[in-house]
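Please read the structure below before turning to the comments.
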Amino acid sequence: MLYKNARIENAEETRDIRVRNGCFEEIAPELSPREGEETEDLGGRLVLPPFVEPHIHLDATLTAGDPVWNMSGTLFEGIECWAKRKDKLNAEDVKDRVRRAVRLYAGNGVQYIRTHVDVTDPSLTALKAILEVREELRTLADIQVVAFPQEGILSFPNGKELMEEAVRLGVDAVGAIPHFEFTREYGVESLNFACELAAKNGLLMDVHCDETDDDQSRGLETLATRALELGLKDKVTASHTCAMHSYSNAYVLKLMRLLKMSGINFVANPLVNTHLEGRADTYPKRRGVTRVKELTEAGINVAFGNDDLFDPWYPMGCGSMRDTVYLGLHAVQMMGYGEIMNSYRFVTENAAKVLHLGETYGIREGNPASFVVMDAGNYHEALSNNAPVVLSVRKGKAIARTKPAVREIAE
Ligand code: 17E
Ligand code: FE2
């Protein structure tokens, strides 16, 4: 198969891409079709590596309003609403919603997903269902699973045992939620426990860390220190880190040294945290998105996630990575032209680093032929015009196509 005229990652010049046996065989300025080789002209459209969703809660997806709506818009009411829905979970219900969500993602060019799955459930119903359904969905996406203790590790009955059981069942990563634990001491202890569990089992880590406007929430320094001391480094991801928005600049100045030394990754979820945070403020209202610009400028890896898709925490979402990047750039004031052009990296290579996808991710000869085509000439245009992903190719196979809308203006 020969794809002609691909504008790979905003490049000035187009390239032709030859795909054989599911891999990129040749990428060059001009390739001629071999005898009998099928060709498709991409017409100079933007070609990117597949999108990576680094942070979503698939167990809760598509449950907003069932059985109750989150009226206050706070994280904590979301957790209460979810606890009510959790009581009604069964395997088929989880699988059906996950299938629908992954198909939405597939249509938008997302081929890799990291999902947090709540393990503060004595029956681990959602976890077992997701570990099963992810096998069935492999043709559309690779799904990484994080054992996520929504109601705490030390503050929930048998929290530690449930985390250990999740590891036995085959999760890829260990989570924690230090800011939700009953006490600061429990927060620190939960991080120590989670880091050791990850280290012992050779797993990745992804912590819901300081998702609060409380500037005294300091889970991050503990997580980064353990990541450094246990040699976990970039296997560790700190998600949310909203409190960093509210830390004093003096504290951040000190913290940055540790963050750089630790090598950990960050995931910000701008759509969800601009809406969940600041809820205890009057005016001015903080929006709680972590310091993405400063972290990026310090050479620290930051990715953007959606966090939610129509669930107790967020009543919107369509399975696209576009809106999180679009709003994220506004929220963190990274609106310089170069920043906009490069911002696809928040949901491609930076997110791929979070998931440890390794060298086989990316548009290079020899790699699996996975890429997306957007109906735009570069990423600025794609973001600004909300351009659809017109084609998603996964390991050489076209798995999704979207026809751009045709608009007619009378005069
Ligand atoms: N749970 C949590 O603790 N925080 C979130 N942002 C979501 C679930 C979506
Ligand atoms: Fe989350």
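Every chain in the structure tokens has a letter given in the order shown (A, B, ...), and although residue numbers restart at 1 in each chain, ligands are simply numbered from 1 in the order shown.
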Q: Considering only C-alpha atoms, return as a list in words whatever protein or nucleic-acid residues lie within 6 Å of Ala6 of chain A, sequence-local ones (same chain, fewer than 6 positions apart) excluded.
A: Thr14, Arg15, Leu42, Gly44, Arg45 and Val47 of chain A
Q | Exercise answer, 10 Å around ligand 2 with only C-alpha atoms and all ligand atoms, as an MDAnalysis selection string | A | chainID A and resid 54:57 75 115:117 148 150 177 206:209 211 239:240 267:269 272:273 305:308 313
Can you spit out the residues from that selection as a PDB file, in the first residue's frame, using N, CA and C atoms?
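Okay, this is what ended up in selection_13.pdb:
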ATOM      1  N   PRO A  54      -3.757   9.396  27.674  1.00  0.00           N
ATOM      2  CA  PRO A  54      -2.967   8.938  28.819  1.00  0.00           C
ATOM      3  C   PRO A  54      -3.734   8.862  30.136  1.00  0.00           C
ATOM      4  N   HIS A  55      -4.991   9.321  30.127  1.00  0.00           N
ATOM      5  CA  HIS A  55      -5.706   9.352  31.415  1.00  0.00           C
ATOM      6  C   HIS A  55      -7.220   9.388  31.206  1.00  0.00           C
ATOM      7  N   ILE A  56      -7.851   8.264  31.469  1.00  0.00           N
ATOM      8  CA  ILE A  56      -9.318   8.194  31.371  1.00  0.00           C
ATOM      9  C   ILE A  56      -9.803   7.152  32.379  1.00  0.00           C
ATOM     10  N   HIS A  57     -11.044   7.335  32.811  1.00  0.00           N
ATOM     11  CA  HIS A  57     -11.659   6.361  33.729  1.00  0.00           C
ATOM     12  C   HIS A  57     -12.724   5.602  32.941  1.00  0.00           C
ATOM     13  N   LEU A  75     -15.182  17.431  42.710  1.00  0.00           N
ATOM     14  CA  LEU A  75     -14.586  16.094  42.672  1.00  0.00           C
ATOM     15  C   LEU A  75     -15.277  15.189  43.697  1.00  0.00           C
ATOM     16  N   THR A 115      -6.248   3.554  31.126  1.00  0.00           N
ATOM     17  CA  THR A 115      -7.437   3.749  31.958  1.00  0.00           C
ATOM     18  C   THR A 115      -7.145   3.460  33.424  1.00  0.00           C
ATOM     19  N   HIS A 116      -7.669   4.331  34.261  1.00  0.00           N
ATOM     20  CA  HIS A 116      -7.674   4.075  35.701  1.00  0.00           C
ATOM     21  C   HIS A 116      -8.932   3.273  35.979  1.00  0.00           C
ATOM     22  N   VAL A 117      -8.815   2.248  36.805  1.00  0.00           N
ATOM     23  CA  VAL A 117      -9.996   1.455  37.149  1.00  0.00           C
ATOM     24  C   VAL A 117     -10.077   1.383  38.672  1.00  0.00           C
ATOM     25  N   PHE A 148      -6.585   1.760  40.490  1.00  0.00           N
ATOM     26  CA  PHE A 148      -6.829   3.097  41.051  1.00  0.00           C
ATOM     27  C   PHE A 148      -7.727   3.004  42.300  1.00  0.00           C
ATOM     28  N   GLN A 150      -9.880   4.612  44.279  1.00  0.00           N
ATOM     29  CA  GLN A 150     -10.667   5.849  44.331  1.00  0.00           C
ATOM     30  C   GLN A 150     -10.966   6.321  45.756  1.00  0.00           C
ATOM     31  N   ILE A 177      -4.064   7.803  45.751  1.00  0.00           N
ATOM     32  CA  ILE A 177      -4.848   9.049  45.803  1.00  0.00           C
ATOM     33  C   ILE A 177      -4.581   9.737  47.140  1.00  0.00           C
ATOM     34  N   ASP A 206       0.915   5.412  38.262  1.00  0.00           N
ATOM     35  CA  ASP A 206       0.226   6.642  37.876  1.00  0.00           C
ATOM     36  C   ASP A 206      -0.686   7.042  39.029  1.00  0.00           C
ATOM     37  N   VAL A 207      -0.310   8.146  39.670  1.00  0.00           N
ATOM     38  CA  VAL A 207      -0.972   8.556  40.908  1.00  0.00           C
ATOM     39  C   VAL A 207      -1.887   9.749  40.665  1.00  0.00           C
ATOM     40  N   HIS A 208      -3.113   9.665  41.161  1.00  0.00           N
ATOM     41  CA  HIS A 208      -3.959  10.862  41.257  1.00  0.00           C
ATOM     42  C   HIS A 208      -3.360  11.670  42.398  1.00  0.00           C
ATOM     43  N   CYS A 209      -2.632  12.720  42.043  1.00  0.00           N
ATOM     44  CA  CYS A 209      -1.764  13.361  43.024  1.00  0.00           C
ATOM     45  C   CYS A 209      -2.178  14.817  43.243  1.00  0.00           C
ATOM     46  N   GLU A 211      -5.055  16.402  43.687  1.00  0.00           N
ATOM     47  CA  GLU A 211      -6.157  16.945  42.861  1.00  0.00           C
ATOM     48  C   GLU A 211      -7.064  17.767  43.763  1.00  0.00           C
ATOM     49  N   SER A 239      -0.476  12.442  37.998  1.00  0.00           N
ATOM     50  CA  SER A 239      -1.626  12.980  37.287  1.00  0.00           C
ATOM     51  C   SER A 239      -2.289  14.086  38.108  1.00  0.00           C
ATOM     52  N   HIS A 240      -2.856  15.016  37.414  1.00  0.00           N
ATOM     53  CA  HIS A 240      -3.604  16.151  37.969  1.00  0.00           C
ATOM     54  C   HIS A 240      -2.684  17.215  38.604  1.00  0.00           C
ATOM     55  N   VAL A 267       0.696  14.278  33.935  1.00  0.00           N
ATOM     56  CA  VAL A 267      -0.479  14.348  33.063  1.00  0.00           C
ATOM     57  C   VAL A 267      -1.423  15.405  33.625  1.00  0.00           C
ATOM     58  N   ALA A 268      -1.722  16.410  32.794  1.00  0.00           N
ATOM     59  CA  ALA A 268      -2.728  17.406  33.163  1.00  0.00           C
ATOM     60  C   ALA A 268      -4.021  17.055  32.430  1.00  0.00           C
ATOM     61  N   ASN A 269      -5.133  17.339  33.060  1.00  0.00           N
ATOM     62  CA  ASN A 269      -6.446  17.086  32.451  1.00  0.00           C
ATOM     63  C   ASN A 269      -7.219  18.405  32.439  1.00  0.00           C
ATOM     64  N   VAL A 272     -11.242  18.795  32.579  1.00  0.00           N
ATOM     65  CA  VAL A 272     -11.907  18.371  33.809  1.00  0.00           C
ATOM     66  C   VAL A 272     -11.463  19.207  34.999  1.00  0.00           C
ATOM     67  N   ASN A 273     -10.185  19.546  35.058  1.00  0.00           N
ATOM     68  CA  ASN A 273      -9.766  20.292  36.240  1.00  0.00           C
ATOM     69  C   ASN A 273     -10.155  21.769  36.195  1.00  0.00           C
ATOM     70  N   GLY A 305      -4.627  14.646  29.153  1.00  0.00           N
ATOM     71  CA  GLY A 305      -5.644  13.604  29.052  1.00  0.00           C
ATOM     72  C   GLY A 305      -7.041  14.195  29.144  1.00  0.00           C
ATOM     73  N   ASN A 306      -8.032  13.363  28.867  1.00  0.00           N
ATOM     74  CA  ASN A 306      -9.430  13.778  29.003  1.00  0.00           C
ATOM     75  C   ASN A 306      -9.961  13.564  30.418  1.00  0.00           C
ATOM     76  N   ASP A 307      -9.463  12.505  31.070  1.00  0.00           N
ATOM     77  CA  ASP A 307      -9.894  12.133  32.417  1.00  0.00           C
ATOM     78  C   ASP A 307     -11.275  11.470  32.420  1.00  0.00           C
ATOM     79  N   ASP A 308     -12.223  12.102  31.736  1.00  0.00           N
ATOM     80  CA  ASP A 308     -13.602  11.598  31.787  1.00  0.00           C
ATOM     81  C   ASP A 308     -14.267  11.691  30.431  1.00  0.00           C
ATOM     82  N   TRP A 313     -18.032  12.907  36.922  1.00  0.00           N
ATOM     83  CA  TRP A 313     -17.162  14.067  37.117  1.00  0.00           C
ATOM     84  C   TRP A 313     -17.254  15.059  35.982  1.00  0.00           C
TER      85      TRP A 313
END
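The residue set within 12 Å of Gly377 of chain A, counting only C-alpha atoms and dropping same-chain residues fewer than 5 places from it, reads Asn5, Ala6, Arg7, Ile8, Glu9, Asn10, Ala11, Glu12, Glu13, Thr14, Leu42, Gly43, Gly44, Arg45, Leu46, Val47, Leu48, Met341, Ala382, Leu383, Ser384, Asn385 and Ala387 of chain A.
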Selection from above, N, CA, C and O atoms, as a short mmCIF file (atom, residue, chain, number, x, y, z; two decimals), in the first residue's frame, can you write it?
data_model
loop_
_atom_site.label_atom_id
_atom_site.label_comp_id
_atom_site.auth_asym_id
_atom_site.auth_seq_id
_atom_site.Cartn_x
_atom_site.Cartn_y
_atom_site.Cartn_z
N ASN A 5 1.81 11.87 -0.64
CA ASN A 5 1.64 13.27 -0.20
C ASN A 5 1.15 13.42 1.25
O ASN A 5 0.11 14.04 1.51
N ALA A 6 1.95 12.86 2.14
CA ALA A 6 1.65 12.97 3.57
C ALA A 6 2.48 14.11 4.16
O ALA A 6 3.68 14.17 3.92
N ARG A 7 1.84 14.97 4.93
CA ARG A 7 2.62 16.03 5.59
C ARG A 7 2.87 15.59 7.03
O ARG A 7 2.08 15.84 7.93
N ILE A 8 3.98 14.88 7.20
CA ILE A 8 4.24 14.21 8.48
C ILE A 8 4.68 15.24 9.54
O ILE A 8 5.67 15.94 9.37
N GLU A 9 3.92 15.31 10.60
CA GLU A 9 4.22 16.17 11.75
C GLU A 9 4.60 17.60 11.33
O GLU A 9 5.66 18.11 11.71
N ASN A 10 3.75 18.22 10.53
CA ASN A 10 3.90 19.63 10.14
C ASN A 10 5.07 19.91 9.20
O ASN A 10 5.44 21.07 8.99
N ALA A 11 5.69 18.88 8.64
CA ALA A 11 6.86 19.11 7.79
C ALA A 11 6.51 20.00 6.60
O ALA A 11 5.38 19.98 6.11
N GLU A 12 7.50 20.78 6.16
CA GLU A 12 7.29 21.65 4.98
C GLU A 12 7.01 20.80 3.73
O GLU A 12 6.11 21.10 2.96
N GLU A 13 7.84 19.78 3.54
CA GLU A 13 7.75 18.94 2.34
C GLU A 13 6.91 17.71 2.64
O GLU A 13 7.00 17.15 3.73
N THR A 14 6.17 17.27 1.63
CA THR A 14 5.39 16.04 1.84
C THR A 14 6.26 14.81 1.59
O THR A 14 7.33 14.89 0.99
N LEU A 42 -3.04 11.37 -0.08
CA LEU A 42 -3.46 12.09 1.13
C LEU A 42 -3.52 13.59 0.89
O LEU A 42 -3.91 14.36 1.78
N GLY A 43 -3.12 14.03 -0.26
CA GLY A 43 -3.33 15.42 -0.68
C GLY A 43 -2.65 16.47 0.20
O GLY A 43 -3.20 17.55 0.38
N GLY A 44 -1.50 16.13 0.76
CA GLY A 44 -0.78 17.10 1.60
C GLY A 44 -1.37 17.27 2.99
O GLY A 44 -1.05 18.20 3.71
N ARG A 45 -2.26 16.34 3.35
CA ARG A 45 -2.87 16.45 4.69
C ARG A 45 -1.88 16.07 5.79
O ARG A 45 -0.93 15.31 5.56
N LEU A 46 -2.17 16.59 6.98
CA LEU A 46 -1.33 16.34 8.17
C LEU A 46 -1.40 14.87 8.58
O LEU A 46 -2.50 14.32 8.77
N VAL A 47 -0.23 14.27 8.75
CA VAL A 47 -0.15 12.89 9.23
C VAL A 47 0.60 12.90 10.56
O VAL A 47 1.68 13.48 10.67
N LEU A 48 0.00 12.29 11.55
CA LEU A 48 0.60 12.25 12.89
C LEU A 48 0.66 10.81 13.38
O LEU A 48 -0.10 9.95 12.91
N MET A 341 1.66 24.84 17.26
CA MET A 341 2.06 23.85 16.25
C MET A 341 2.57 22.56 16.90
O MET A 341 2.33 21.46 16.41
N ALA A 382 -5.48 22.37 12.11
CA ALA A 382 -6.31 21.27 12.61
C ALA A 382 -7.01 21.65 13.90
O ALA A 382 -8.22 21.44 14.07
N LEU A 383 -6.25 22.27 14.82
CA LEU A 383 -6.81 22.65 16.12
C LEU A 383 -7.83 23.76 15.95
O LEU A 383 -8.94 23.71 16.50
N SER A 384 -7.41 24.77 15.21
CA SER A 384 -8.23 25.96 15.09
C SER A 384 -9.57 25.65 14.41
O SER A 384 -10.61 26.16 14.81
N ASN A 385 -9.54 24.80 13.39
CA ASN A 385 -10.76 24.49 12.63
C ASN A 385 -11.47 23.24 13.13
O ASN A 385 -12.44 22.81 12.52
N ALA A 387 -10.55 20.17 12.93
CA ALA A 387 -10.54 19.25 11.78
C ALA A 387 -10.70 17.80 12.24
O ALA A 387 -10.11 17.40 13.24
#
Q | Minimum-distance residue to Tyr337 of chain A, chosen among A:His380, A:Lys235, A:His245, A:Lys4 (using only C-alpha atoms) | A |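 Under the stated criterion, the closest residue is A:His380.
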Q. Got a sec: who's within 10 Å of Ala147 of chain A, counting only C-alpha atoms, leaving out chain neighbours fewer than 5 positions off, as a ChimeraX atom specification?
A. /A:115-120,127,162-167,170-176,194,205-207
Q) Interatomic distance between atom CA of Asp311 of chain A and atom CA of Val145 of chain A? A)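 Here the two named atoms are 18.2 Å from each other.
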**Q.** Those in segment 202-330 of chain A with helix (DSSP H, G or I) from DSSP, as a PyMOL selection string
**A.** chain A and resi 219-229+233-235+243-246+249-262+270-276+292-297+322-330
Q: Can you work out which one of A:Arg291, A:Arg184, A:His275, A:Arg134 has the shortest atom-to-atom distance to Ser248 of chain A, counting only C-alpha atoms?
A: A:Arg291
For Ala398 of chain A, list every protein, DNA or RNA residue within 10 Å, evaluated using only C-alpha atoms, and leave out those in the same chain fewer than 6 positions away; present the list as a PDB file with all heavy atoms, in the first residue's frame.
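Final file, out-v3.pdb:
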ATOM      1  N   SER A 370       1.312   2.621  12.003  1.00  0.00           N
ATOM      2  CA  SER A 370       0.156   3.188  12.693  1.00  0.00           C
ATOM      3  C   SER A 370       0.261   4.698  12.606  1.00  0.00           C
ATOM      4  O   SER A 370       1.287   5.279  12.982  1.00  0.00           O
ATOM      5  CB  SER A 370       0.145   2.743  14.154  1.00  0.00           C
ATOM      6  OG  SER A 370       0.067   1.333  14.227  1.00  0.00           O
ATOM      7  N   PHE A 371      -0.782   5.326  12.091  1.00  0.00           N
ATOM      8  CA  PHE A 371      -0.778   6.788  11.957  1.00  0.00           C
ATOM      9  C   PHE A 371      -2.202   7.288  11.734  1.00  0.00           C
ATOM     10  O   PHE A 371      -3.109   6.493  11.451  1.00  0.00           O
ATOM     11  CB  PHE A 371       0.136   7.237  10.795  1.00  0.00           C
ATOM     12  CG  PHE A 371      -0.257   6.719   9.443  1.00  0.00           C
ATOM     13  CD1 PHE A 371      -1.059   7.476   8.589  1.00  0.00           C
ATOM     14  CD2 PHE A 371       0.173   5.476   9.005  1.00  0.00           C
ATOM     15  CE1 PHE A 371      -1.414   7.017   7.332  1.00  0.00           C
ATOM     16  CE2 PHE A 371      -0.179   4.992   7.746  1.00  0.00           C
ATOM     17  CZ  PHE A 371      -0.976   5.760   6.909  1.00  0.00           C
ATOM     18  N   VAL A 372      -2.346   8.601  11.879  1.00  0.00           N
ATOM     19  CA  VAL A 372      -3.650   9.211  11.612  1.00  0.00           C
ATOM     20  C   VAL A 372      -3.482  10.330  10.598  1.00  0.00           C
ATOM     21  O   VAL A 372      -2.416  10.937  10.498  1.00  0.00           O
ATOM     22  CB  VAL A 372      -4.316   9.757  12.900  1.00  0.00           C
ATOM     23  CG1 VAL A 372      -4.552   8.639  13.902  1.00  0.00           C
ATOM     24  CG2 VAL A 372      -3.507  10.876  13.531  1.00  0.00           C
ATOM     25  N   LEU A 391      -8.698   9.543   8.637  1.00  0.00           N
ATOM     26  CA  LEU A 391      -8.256   8.148   8.477  1.00  0.00           C
ATOM     27  C   LEU A 391      -7.378   7.764   9.651  1.00  0.00           C
ATOM     28  O   LEU A 391      -6.510   8.530  10.074  1.00  0.00           O
ATOM     29  CB  LEU A 391      -7.462   8.023   7.162  1.00  0.00           C
ATOM     30  CG  LEU A 391      -6.723   6.713   6.906  1.00  0.00           C
ATOM     31  CD1 LEU A 391      -7.696   5.547   6.782  1.00  0.00           C
ATOM     32  CD2 LEU A 391      -5.871   6.818   5.632  1.00  0.00           C
ATOM     33  N   SER A 392      -7.614   6.578  10.187  1.00  0.00           N
ATOM     34  CA  SER A 392      -6.740   6.038  11.228  1.00  0.00           C
ATOM     35  C   SER A 392      -6.252   4.666  10.771  1.00  0.00           C
ATOM     36  O   SER A 392      -7.058   3.770  10.510  1.00  0.00           O
ATOM     37  CB  SER A 392      -7.498   5.925  12.559  1.00  0.00           C
ATOM     38  OG  SER A 392      -6.659   5.383  13.561  1.00  0.00           O
TER      39      SER A 392
END
Q) Taking the backbone alone, and naming residues the way the document does, which bits of segment 194-280 of chain A are strand (DSSP E or B) by DSSP, as a list in words? A) Leu204, Met205, Asp206, Val207, His208, Cys209, Val236, Thr237, Ala238, Ser239, His240, Asn265, Phe266, Val267 and Ala268 of chain A
Which polymer residues have any atom within 10 Å of an atom of Pro33 of chain A, counting only C-alpha atoms, with same-chain residues fewer than 6 positions away left out, as a PDB file with C-alpha atoms, in the first residue's frame?
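Everything below was put into result-v7.pdb:
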ATOM      1  CA  MET A   1       0.000   0.000   0.000  1.00  0.00           C
ATOM      2  CA  LEU A   2       1.346   3.416  -0.947  1.00  0.00           C
ATOM      3  CA  TYR A   3       0.106   6.628   0.688  1.00  0.00           C
ATOM      4  CA  LYS A   4       1.078   9.675  -1.361  1.00  0.00           C
ATOM      5  CA  ARG A  18       4.913   2.651   1.704  1.00  0.00           C
ATOM      6  CA  THR A  39      -2.316   3.868  -3.675  1.00  0.00           C
TER       7      THR A  39
END
**Q.** Non-local contacts of Thr61 of chain A (8 Å; only C-alpha atoms; under 5 positions in same chain excluded) as a list in words
**A.**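 Within the cut-off, the hits are Arg97, Val98, Ala101, Asp308, Leu309, Phe310 and Asp311 of chain A.
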Dump of C-alpha atoms for the selected residues, as a compact mmCIF listing (two decimals), in the first residue's frame:
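Resulting contents of part_8.txt:
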# COMPACT_ATOMS: atom_id res chain seq x y z
CA ARG A 97 -19.73 0.96 27.95
CA VAL A 98 -16.01 0.36 27.39
CA ALA A 101 -16.06 4.46 24.45
CA ASP A 308 -13.60 11.60 31.79
CA LEU A 309 -16.11 10.89 29.10
CA PHE A 310 -19.70 11.54 30.20
CA ASP A 311 -19.43 10.35 33.79
Q: Would you work out the distance separating atom CA of Met374 of chain A from atom CA of Gly109 of chain A, expressed in Å to one decimal?
A: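 Rounded to one decimal, the two atoms are 9.1 Å apart.
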